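What follows is the content of my_file-v8.txt (compact mmCIF, C-alpha atoms).
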# COMPACT_ATOMS: atom_id res chain seq x y z
CA GLY A 1 16.73 11.53 -20.94
CA TRP A 2 13.56 12.06 -18.98
CA LEU A 3 15.48 12.98 -15.83
CA SER A 4 17.29 15.88 -17.49
CA ALA A 5 14.80 18.61 -16.56
CA LYS A 6 14.13 19.76 -13.01
CA SER A 7 10.62 20.74 -11.96
CA ASN A 8 9.97 24.41 -11.26
CA THR A 9 8.57 23.39 -7.87
CA GLN A 10 12.02 22.34 -6.65
CA ALA A 11 12.91 25.75 -5.19
CA LYS A 12 10.01 25.84 -2.72
CA THR A 13 11.92 23.75 -0.14
CA GLU A 14 15.65 23.73 0.59
CA LEU A 15 16.83 20.27 1.55
CA LYS A 16 19.75 19.75 3.89
CA THR A 17 21.41 16.40 4.53
CA THR A 18 24.24 15.20 6.74
CA VAL A 19 26.55 12.48 5.42
CA ILE A 20 28.48 10.63 8.14
CA ASP A 21 30.87 8.67 5.94
CA LYS A 22 30.90 9.56 2.23
CA GLU A 23 33.23 6.68 1.40
CA LYS A 24 30.67 4.13 2.58
CA MET A 25 27.65 5.95 1.14
CA ASP A 26 25.80 4.30 -1.71
CA LYS A 27 25.94 6.72 -4.66
CA ASN A 28 22.52 5.89 -6.11
CA PRO A 29 19.84 8.59 -5.73
CA LEU A 30 16.67 8.16 -3.67
CA LEU A 31 13.02 8.27 -4.69
CA ILE A 32 11.30 10.36 -2.01
CA ASN A 33 7.56 10.04 -1.47
CA ASP A 34 6.73 12.94 0.86
CA LEU A 35 3.02 12.45 1.30
CA ILE A 36 2.67 15.16 3.96
CA ALA A 37 3.95 17.80 1.52
CA ASN A 38 2.49 15.90 -1.47
CA ARG A 39 5.86 15.84 -3.24
CA LEU A 40 7.51 13.07 -5.25
CA TYR A 41 11.11 13.62 -6.28
CA ILE A 42 14.45 11.97 -6.98
CA MET A 43 17.20 13.24 -4.69
CA GLU A 44 20.93 12.72 -4.42
CA LYS A 45 22.13 11.98 -0.91
CA ASP A 46 23.65 15.44 -0.60
CA GLY A 47 20.15 16.93 -0.86
CA ASN A 48 20.33 17.93 -4.53
CA ILE A 49 17.00 17.24 -6.27
CA LEU A 50 17.51 15.72 -9.70
CA TYR A 51 13.87 15.65 -10.71
CA GLU A 52 10.47 16.44 -9.23
CA TRP A 53 7.10 15.57 -10.67
CA ASN A 54 4.30 18.09 -10.94
CA LEU A 55 1.47 16.25 -9.17
CA ALA A 56 -1.23 18.82 -9.96
CA LYS A 57 -4.31 17.99 -7.86
CA GLN A 58 -3.54 14.32 -7.29
CA LEU A 59 -2.77 13.34 -3.69
CA LEU A 60 0.05 10.91 -2.98
CA TRP A 61 -0.36 8.29 -0.34
CA ASN A 62 1.85 5.64 1.17
CA ASP A 63 4.05 4.08 -1.53
CA SER A 64 5.64 5.03 -4.83
CA PHE A 65 7.85 2.89 -7.06
CA LEU A 66 9.92 4.03 -10.04
CA LEU A 67 9.82 1.36 -12.75
CA PRO A 68 12.77 0.61 -15.08
CA ASP A 69 11.00 2.23 -18.06
CA GLY A 70 10.44 5.52 -16.23
CA ARG A 71 6.80 4.99 -15.32
CA SER A 72 5.73 5.13 -11.69
CA LEU A 73 3.56 2.68 -9.76
CA ILE A 74 1.84 4.90 -7.22
CA SER A 75 -0.56 4.77 -4.30
CA LEU A 76 -2.95 7.73 -4.44
CA LYS A 77 -5.51 8.93 -1.93
CA SER A 78 -9.17 8.27 -2.67
CA SER A 79 -11.28 11.41 -2.83
CA VAL A 80 -13.84 9.95 -0.41
CA PRO A 81 -12.12 7.29 1.75
CA ARG A 82 -14.48 5.62 4.22
CA ILE A 83 -11.94 3.41 6.03
CA LEU A 84 -9.34 5.67 7.61
CA LEU A 85 -6.77 3.28 9.04
CA TRP A 86 -3.27 4.74 8.72
CA GLY A 87 -1.62 3.72 5.47
CA TYR A 88 -4.78 3.63 3.39
CA GLY A 89 -4.78 5.04 -0.11
CA GLY A 90 -7.63 3.57 -2.09
CA ILE A 91 -6.17 4.07 -5.55
CA THR A 92 -3.37 2.18 -7.30
CA ALA A 93 -2.14 3.96 -10.43
CA LEU A 94 0.45 3.90 -13.18
CA MET A 95 1.83 7.32 -14.11
CA GLY A 96 3.90 8.27 -17.15
CA THR A 97 7.27 10.03 -17.02
CA GLY A 98 5.54 13.41 -17.16
CA TRP A 99 3.00 12.40 -14.49
CA GLU A 100 0.28 11.69 -17.03
CA LEU A 101 -2.25 9.15 -15.75
CA LEU A 102 -1.87 5.89 -17.69
CA TRP A 103 -4.12 3.69 -15.55
CA LYS A 104 -5.79 3.62 -12.17
CA TYR A 105 -7.87 1.19 -10.14
CA GLU A 106 -9.80 2.28 -7.08
CA ILE A 107 -10.69 0.00 -4.17
CA SER A 108 -12.40 2.26 -1.66
CA SER A 109 -15.76 1.60 -0.06
CA SER A 110 -17.33 1.17 3.35
CA GLY A 111 -16.07 -2.41 3.37
CA THR A 112 -12.67 -2.35 1.64
CA ILE A 113 -9.74 -0.05 0.95
CA ALA A 114 -6.42 -0.53 -0.85
CA HIS A 115 -3.41 0.33 1.29
CA HIS A 116 0.38 0.48 1.36
CA ASP A 117 2.23 -1.75 -1.06
CA ALA A 118 1.86 -2.62 -4.74
CA LEU A 119 3.92 -4.71 -7.15
CA LEU A 120 4.14 -4.89 -10.94
CA LEU A 121 4.29 -8.55 -11.98
CA PRO A 122 6.25 -9.88 -15.00
CA ASN A 123 2.95 -10.54 -16.81
CA GLY A 124 1.96 -6.87 -16.52
CA ASN A 125 -0.61 -7.42 -13.80
CA ILE A 126 -0.43 -5.56 -10.49
CA LEU A 127 -0.65 -6.88 -6.94
CA THR A 128 -2.04 -4.60 -4.27
CA MET A 129 -2.96 -4.96 -0.62
CA VAL A 130 -6.52 -4.46 0.64
CA TRP A 131 -8.09 -4.24 4.08
CA HIS A 132 -11.62 -5.59 4.24
CA LYS A 133 -13.86 -4.84 7.16
CA ILE A 134 -15.65 -7.48 9.25
CA GLU A 135 -18.06 -5.80 11.63
CA LYS A 136 -18.03 -6.69 15.31
CA LYS A 137 -21.50 -8.23 15.04
CA ASP A 138 -19.98 -10.86 12.72
CA VAL A 139 -16.57 -11.54 14.25
CA LYS A 140 -17.81 -14.11 16.80
CA LYS A 141 -18.49 -16.66 14.09
CA TYR A 142 -14.75 -16.68 13.39
CA GLY A 143 -13.89 -17.36 17.03
CA TYR A 144 -12.58 -13.86 17.60
CA THR A 145 -12.84 -12.95 21.27
CA LEU A 146 -13.02 -9.15 21.20
CA ASP A 147 -16.16 -7.17 20.45
CA VAL A 148 -14.66 -4.85 17.81
CA ASP A 149 -14.55 -4.47 14.03
CA ILE A 150 -11.56 -6.17 12.41
CA TYR A 151 -9.74 -5.42 9.15
CA PRO A 152 -8.00 -8.56 7.88
CA GLU A 153 -5.64 -8.55 4.93
CA ARG A 154 -6.43 -9.37 1.33
CA ILE A 155 -4.10 -9.37 -1.69
CA VAL A 156 -5.57 -8.89 -5.15
CA GLU A 157 -4.08 -9.23 -8.63
CA ILE A 158 -5.44 -6.68 -11.09
CA ASP A 159 -5.26 -7.00 -14.88
CA PRO A 160 -4.78 -3.38 -16.06
CA LYS A 161 -5.83 -4.24 -19.62
CA LYS A 162 -9.21 -5.60 -18.53
CA ASN A 163 -9.40 -3.48 -15.35
CA THR A 164 -10.55 -6.50 -13.37
CA ILE A 165 -9.37 -8.52 -10.39
CA VAL A 166 -8.17 -11.89 -11.72
CA TRP A 167 -6.92 -13.47 -8.47
CA ARG A 168 -7.35 -12.94 -4.74
CA TRP A 169 -5.68 -14.22 -1.58
CA ASP A 170 -7.70 -13.71 1.60
CA SER A 171 -6.16 -14.09 5.05
CA MET A 172 -9.54 -15.14 6.44
CA ASP A 173 -9.23 -18.35 4.41
CA HIS A 174 -6.16 -19.23 6.49
CA ILE A 175 -7.16 -18.54 10.09
CA ILE A 176 -7.32 -20.81 13.11
CA GLN A 177 -8.58 -20.32 16.66
CA ASN A 178 -8.82 -22.45 19.80
CA THR A 179 -11.33 -20.48 21.88
CA ASP A 180 -14.69 -21.55 20.45
CA PRO A 181 -15.23 -25.14 19.25
CA LYS A 182 -18.50 -24.10 17.59
CA ALA A 183 -16.93 -21.30 15.55
CA ALA A 184 -15.16 -21.57 12.21
CA ASN A 185 -11.60 -22.87 11.91
CA TYR A 186 -11.36 -24.29 15.43
CA GLY A 187 -8.21 -26.33 15.92
CA ASP A 188 -4.93 -26.99 17.66
CA ILE A 189 -2.83 -23.93 16.91
CA ALA A 190 0.46 -25.62 17.83
CA LYS A 191 -0.17 -28.31 15.20
CA ARG A 192 -1.07 -25.84 12.42
CA PRO A 193 1.86 -23.39 12.15
CA GLU A 194 0.83 -22.47 8.60
CA LYS A 195 -2.42 -20.96 9.91
CA ILE A 196 -2.99 -17.46 11.34
CA ASN A 197 -4.17 -17.38 14.95
CA ILE A 198 -6.94 -14.79 14.78
CA ASN A 199 -6.59 -14.10 18.53
CA HIS A 200 -2.78 -13.82 18.60
CA ILE A 201 -2.70 -10.06 19.26
CA GLN A 202 -5.66 -8.37 20.86
CA SER A 203 -5.89 -4.67 21.53
CA GLN A 204 -8.66 -2.14 21.39
Would you mind writing the structure in this file as structure tokens?
Amino acid sequence: GWLSAKSNTQAKTELKTTVIDKEKMDKNPLLINDLIANRLYIMEKDGNILYEWNLAKQLLWNDSFLLPDGRSLISLKSSVPRILLWGYGGITALMGTGWELLWKYEISSSGTIAHHDALLLPNGNILTMVWHKIEKKDVKKYGYTLDVDIYPERIVEIDPKKNTIVWRWDSMDHIIQNTDPKAANYGDIAKRPEKININHIQSQ
């Protein structure tokens, strides 16, 4: 099987673990995405590494998922990210069992960046999360009360065969606010629990 060979990079770090109660421990191994060390490996809970990928020059970012067929759905770091909120990546990719690049899609610009999670759908398409920037000069029209840039959430569905976005959910289509009657989406927040109060948490 594809997990039978260990990477020659395994010896560079000795892993030590402490097991409190072995009888209650789940026996399944763990997929470890160590983005600080740029290492991706499968580890038993006693610290034994079963397999480690050779990532070459590609930089891991927040999330990695091992798929049933041995491929990996991976968040990689954009080479020139322009939005540097923690958790950004910019690139969603599918890697083969030997870490060969099968597909990638980059969302990284001055206005948007892919971040954190991704999901392979039954139809073969991929969901990924995106922050999109609304500059402080524009936030007032949404009834936002602070004078800062905001980065609301967007979820996109990508068709890897066509390399295009085929569906998008945008949190800004679901906001409500009760501070400015002249601004967009003014309403009674208590009567619209399905909406997102854009002023719920405010911090600079």
Requested in this report: Pick out the residues sitting within 12 Å of A:Lys162, and hand them over as number ranges by chain; count all atoms listed in the file, and ignore anything fewer than 3 positions along from it in its own chain.
Outcome: A: 103-105, 124-126, 157-159, 165-166
Keeping only C-alpha atoms, take the residues you just selected and write them out as a short mmCIF file (atom, residue, chain, number, x, y, z; two decimals), in the frame of the given file.
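Dumped everything to selection_14.cif:
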data_model
loop_
_atom_site.label_atom_id
_atom_site.label_comp_id
_atom_site.auth_asym_id
_atom_site.auth_seq_id
_atom_site.Cartn_x
_atom_site.Cartn_y
_atom_site.Cartn_z
CA TRP A 103 -4.12 3.69 -15.55
CA LYS A 104 -5.79 3.62 -12.17
CA TYR A 105 -7.87 1.19 -10.14
CA GLY A 124 1.96 -6.87 -16.52
CA ASN A 125 -0.61 -7.42 -13.80
CA ILE A 126 -0.43 -5.56 -10.49
CA GLU A 157 -4.08 -9.23 -8.63
CA ILE A 158 -5.44 -6.68 -11.09
CA ASP A 159 -5.26 -7.00 -14.88
CA ILE A 165 -9.37 -8.52 -10.39
CA VAL A 166 -8.17 -11.89 -11.72
#
Requested in this report: With a distance cut-off of 10 Å and only C-alpha atoms, select the neighbouring residues of stretch 58-74 of chain A, excluding the residue or stretch itself and same-chain residues fewer than 2 positions from it, and output the selection as a VMD selection string.
Outcome: chain A and resid 1 to 3 31 to 40 42 54 to 56 76 to 79 86 to 104 115 to 120 126
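Distances from A:His200, A:Lys57, A:Arg82, A:Lys133 to A:Pro152 were compared using all atoms listed in the file, and the smallest one belongs to A:Lys133.
Atom pair atom CA of A:His132 / atom CA of A:Gly111: separated by 5.5 Å.
The space separating atom CA of A:Leu30 from atom CA of A:Glu52 comes to 11.7 Å.
What separates atom CA of A:Thr145 from atom CA of A:Thr112 is a distance of 22.3 Å.
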**Report entry** Which of A:Asn197, A:Asn28, A:Thr179, A:Asn48 sits closest to A:Lys141 [using only C-alpha atoms]
**Finding:** A:Thr179
Let me have the centre and edge lengths of the axis-aligned box enclosing all listed atoms of stretch 67-78 of chain A with 5 Å padding on every side, in Å to one decimal, as AutoDock Vina command-line options.
--center_x 1.8 --center_y 4.8 --center_z -10.0 --size_x 31.9 --size_y 18.3 --size_z 26.1
Query - Residue with smallest distance to A:Met25 - pool A:Gly187, A:Ile176, A:Lys45, A:Arg154, counting only C-alpha atoms - result: A:Lys45
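For the set A:Leu127, A:Asp188, A:Lys182, A:Asp21, the residue with the smallest atom-to-atom gap to A:Trp167 is A:Leu127, counting all atoms listed in the file.
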Output stretch 72-85 of chain A from the block with all heavy atoms, as a JSON list (two decimals), in the first residue's frame?
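Final file, result_11.json:
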[["chain", "number", "residue", "atom", "x", "y", "z"],
["A", 72, "SER", "N", -4.76, 13.99, -1.06],
["A", 72, "SER", "CA", -4.88, 14.95, 0.03],
["A", 72, "SER", "C", -5.50, 16.24, -0.50],
["A", 72, "SER", "O", -5.14, 16.72, -1.58],
["A", 72, "SER", "CB", -3.50, 15.28, 0.62],
["A", 72, "SER", "OG", -2.87, 14.11, 1.09],
["A", 73, "LEU", "N", -6.44, 16.78, 0.28],
["A", 73, "LEU", "CA", -7.02, 18.10, 0.01],
["A", 73, "LEU", "C", -6.30, 19.06, 0.95],
["A", 73, "LEU", "O", -6.39, 18.92, 2.17],
["A", 73, "LEU", "CB", -8.53, 18.09, 0.26],
["A", 73, "LEU", "CG", -9.27, 19.41, 0.07],
["A", 73, "LEU", "CD1", -9.10, 19.96, -1.34],
["A", 73, "LEU", "CD2", -10.76, 19.23, 0.39],
["A", 74, "ILE", "N", -5.59, 20.02, 0.40],
["A", 74, "ILE", "CA", -4.60, 20.77, 1.15],
["A", 74, "ILE", "C", -4.80, 22.28, 0.98],
["A", 74, "ILE", "O", -5.16, 22.76, -0.09],
["A", 74, "ILE", "CB", -3.18, 20.42, 0.64],
["A", 74, "ILE", "CG1", -2.91, 18.93, 0.82],
["A", 74, "ILE", "CG2", -2.10, 21.23, 1.33],
["A", 74, "ILE", "CD1", -2.74, 18.48, 2.23],
["A", 75, "SER", "N", -4.53, 23.00, 2.05],
["A", 75, "SER", "CA", -4.41, 24.45, 1.98],
["A", 75, "SER", "C", -2.92, 24.80, 1.90],
["A", 75, "SER", "O", -2.14, 24.40, 2.77],
["A", 75, "SER", "CB", -5.04, 25.09, 3.23],
["A", 75, "SER", "OG", -4.79, 26.48, 3.25],
["A", 76, "LEU", "N", -2.54, 25.51, 0.85],
["A", 76, "LEU", "CA", -1.15, 25.93, 0.66],
["A", 76, "LEU", "C", -1.05, 27.44, 0.74],
["A", 76, "LEU", "O", -2.02, 28.16, 0.51],
["A", 76, "LEU", "CB", -0.62, 25.45, -0.69],
["A", 76, "LEU", "CG", -0.58, 23.94, -0.92],
["A", 76, "LEU", "CD1", -0.19, 23.64, -2.36],
["A", 76, "LEU", "CD2", 0.39, 23.27, 0.04],
["A", 77, "LYS", "N", 0.14, 27.91, 1.04],
["A", 77, "LYS", "CA", 0.38, 29.34, 1.18],
["A", 77, "LYS", "C", 0.67, 29.97, -0.17],
["A", 77, "LYS", "O", 1.53, 29.52, -0.91],
["A", 77, "LYS", "CB", 1.54, 29.60, 2.15],
["A", 77, "LYS", "CG", 1.78, 31.07, 2.43],
["A", 77, "LYS", "CD", 2.92, 31.24, 3.42],
["A", 77, "LYS", "CE", 3.19, 32.71, 3.71],
["A", 77, "LYS", "NZ", 4.32, 32.88, 4.65],
["A", 78, "SER", "N", -0.05, 31.05, -0.48],
["A", 78, "SER", "CA", 0.22, 31.81, -1.69],
["A", 78, "SER", "C", 1.62, 32.39, -1.64],
["A", 78, "SER", "O", 2.13, 32.75, -0.57],
["A", 78, "SER", "CB", -0.81, 32.94, -1.81],
["A", 78, "SER", "OG", -0.46, 33.82, -2.86],
["A", 79, "SER", "N", 2.25, 32.50, -2.79],
["A", 79, "SER", "CA", 3.62, 33.04, -2.83],
["A", 79, "SER", "C", 3.65, 34.53, -2.56],
["A", 79, "SER", "O", 4.66, 35.06, -2.09],
["A", 79, "SER", "CB", 4.26, 32.74, -4.19],
["A", 79, "SER", "OG", 3.49, 33.33, -5.24],
["A", 80, "VAL", "N", 2.55, 35.22, -2.85],
["A", 80, "VAL", "CA", 2.51, 36.68, -2.62],
["A", 80, "VAL", "C", 1.18, 37.07, -1.97],
["A", 80, "VAL", "O", 0.39, 37.82, -2.55],
["A", 80, "VAL", "CB", 2.72, 37.48, -3.93],
["A", 80, "VAL", "CG1", 4.17, 37.46, -4.34],
["A", 80, "VAL", "CG2", 1.84, 36.95, -5.06],
["A", 81, "PRO", "N", 0.90, 36.58, -0.75],
["A", 81, "PRO", "CA", -0.36, 36.94, -0.09],
["A", 81, "PRO", "C", -0.41, 38.42, 0.23],
["A", 81, "PRO", "O", 0.58, 39.00, 0.69],
["A", 81, "PRO", "CB", -0.35, 36.09, 1.18],
["A", 81, "PRO", "CG", 1.10, 35.87, 1.46],
["A", 81, "PRO", "CD", 1.75, 35.77, 0.12],
["A", 82, "ARG", "N", -1.57, 39.05, 0.01],
["A", 82, "ARG", "CA", -1.71, 40.48, 0.27],
["A", 82, "ARG", "C", -2.69, 40.77, 1.40],
["A", 82, "ARG", "O", -2.80, 41.89, 1.85],
["A", 82, "ARG", "CB", -2.12, 41.20, -1.02],
["A", 82, "ARG", "CG", -1.05, 41.07, -2.10],
["A", 82, "ARG", "CD", -1.52, 41.58, -3.44],
["A", 82, "ARG", "NE", -1.74, 43.02, -3.43],
["A", 82, "ARG", "CZ", -2.24, 43.69, -4.48],
["A", 82, "ARG", "NH1", -2.55, 43.05, -5.60],
["A", 82, "ARG", "NH2", -2.41, 44.99, -4.41],
["A", 83, "ILE", "N", -3.42, 39.75, 1.85],
["A", 83, "ILE", "CA", -4.25, 39.85, 3.06],
["A", 83, "ILE", "C", -3.66, 38.87, 4.06],
["A", 83, "ILE", "O", -3.64, 37.66, 3.82],
["A", 83, "ILE", "CB", -5.72, 39.51, 2.76],
["A", 83, "ILE", "CG1", -6.31, 40.55, 1.79],
["A", 83, "ILE", "CG2", -6.54, 39.47, 4.05],
["A", 83, "ILE", "CD1", -7.74, 40.26, 1.37],
["A", 84, "LEU", "N", -3.16, 39.37, 5.18],
["A", 84, "LEU", "CA", -2.36, 38.55, 6.08],
["A", 84, "LEU", "C", -3.06, 38.26, 7.40],
["A", 84, "LEU", "O", -2.42, 38.16, 8.44],
["A", 84, "LEU", "CB", -1.01, 39.25, 6.34],
["A", 84, "LEU", "CG", -0.19, 39.52, 5.07],
["A", 84, "LEU", "CD1", 1.09, 40.25, 5.43],
["A", 84, "LEU", "CD2", 0.13, 38.23, 4.33],
["A", 85, "LEU", "N", -4.37, 38.12, 7.37],
["A", 85, "LEU", "CA", -5.09, 37.68, 8.56],
["A", 85, "LEU", "C", -4.66, 36.25, 8.90],
["A", 85, "LEU", "O", -4.41, 35.44, 8.00],
["A", 85, "LEU", "CB", -6.60, 37.72, 8.33],
["A", 85, "LEU", "CG", -7.19, 39.09, 7.97],
["A", 85, "LEU", "CD1", -8.67, 38.94, 7.64],
["A", 85, "LEU", "CD2", -7.01, 40.08, 9.10]]
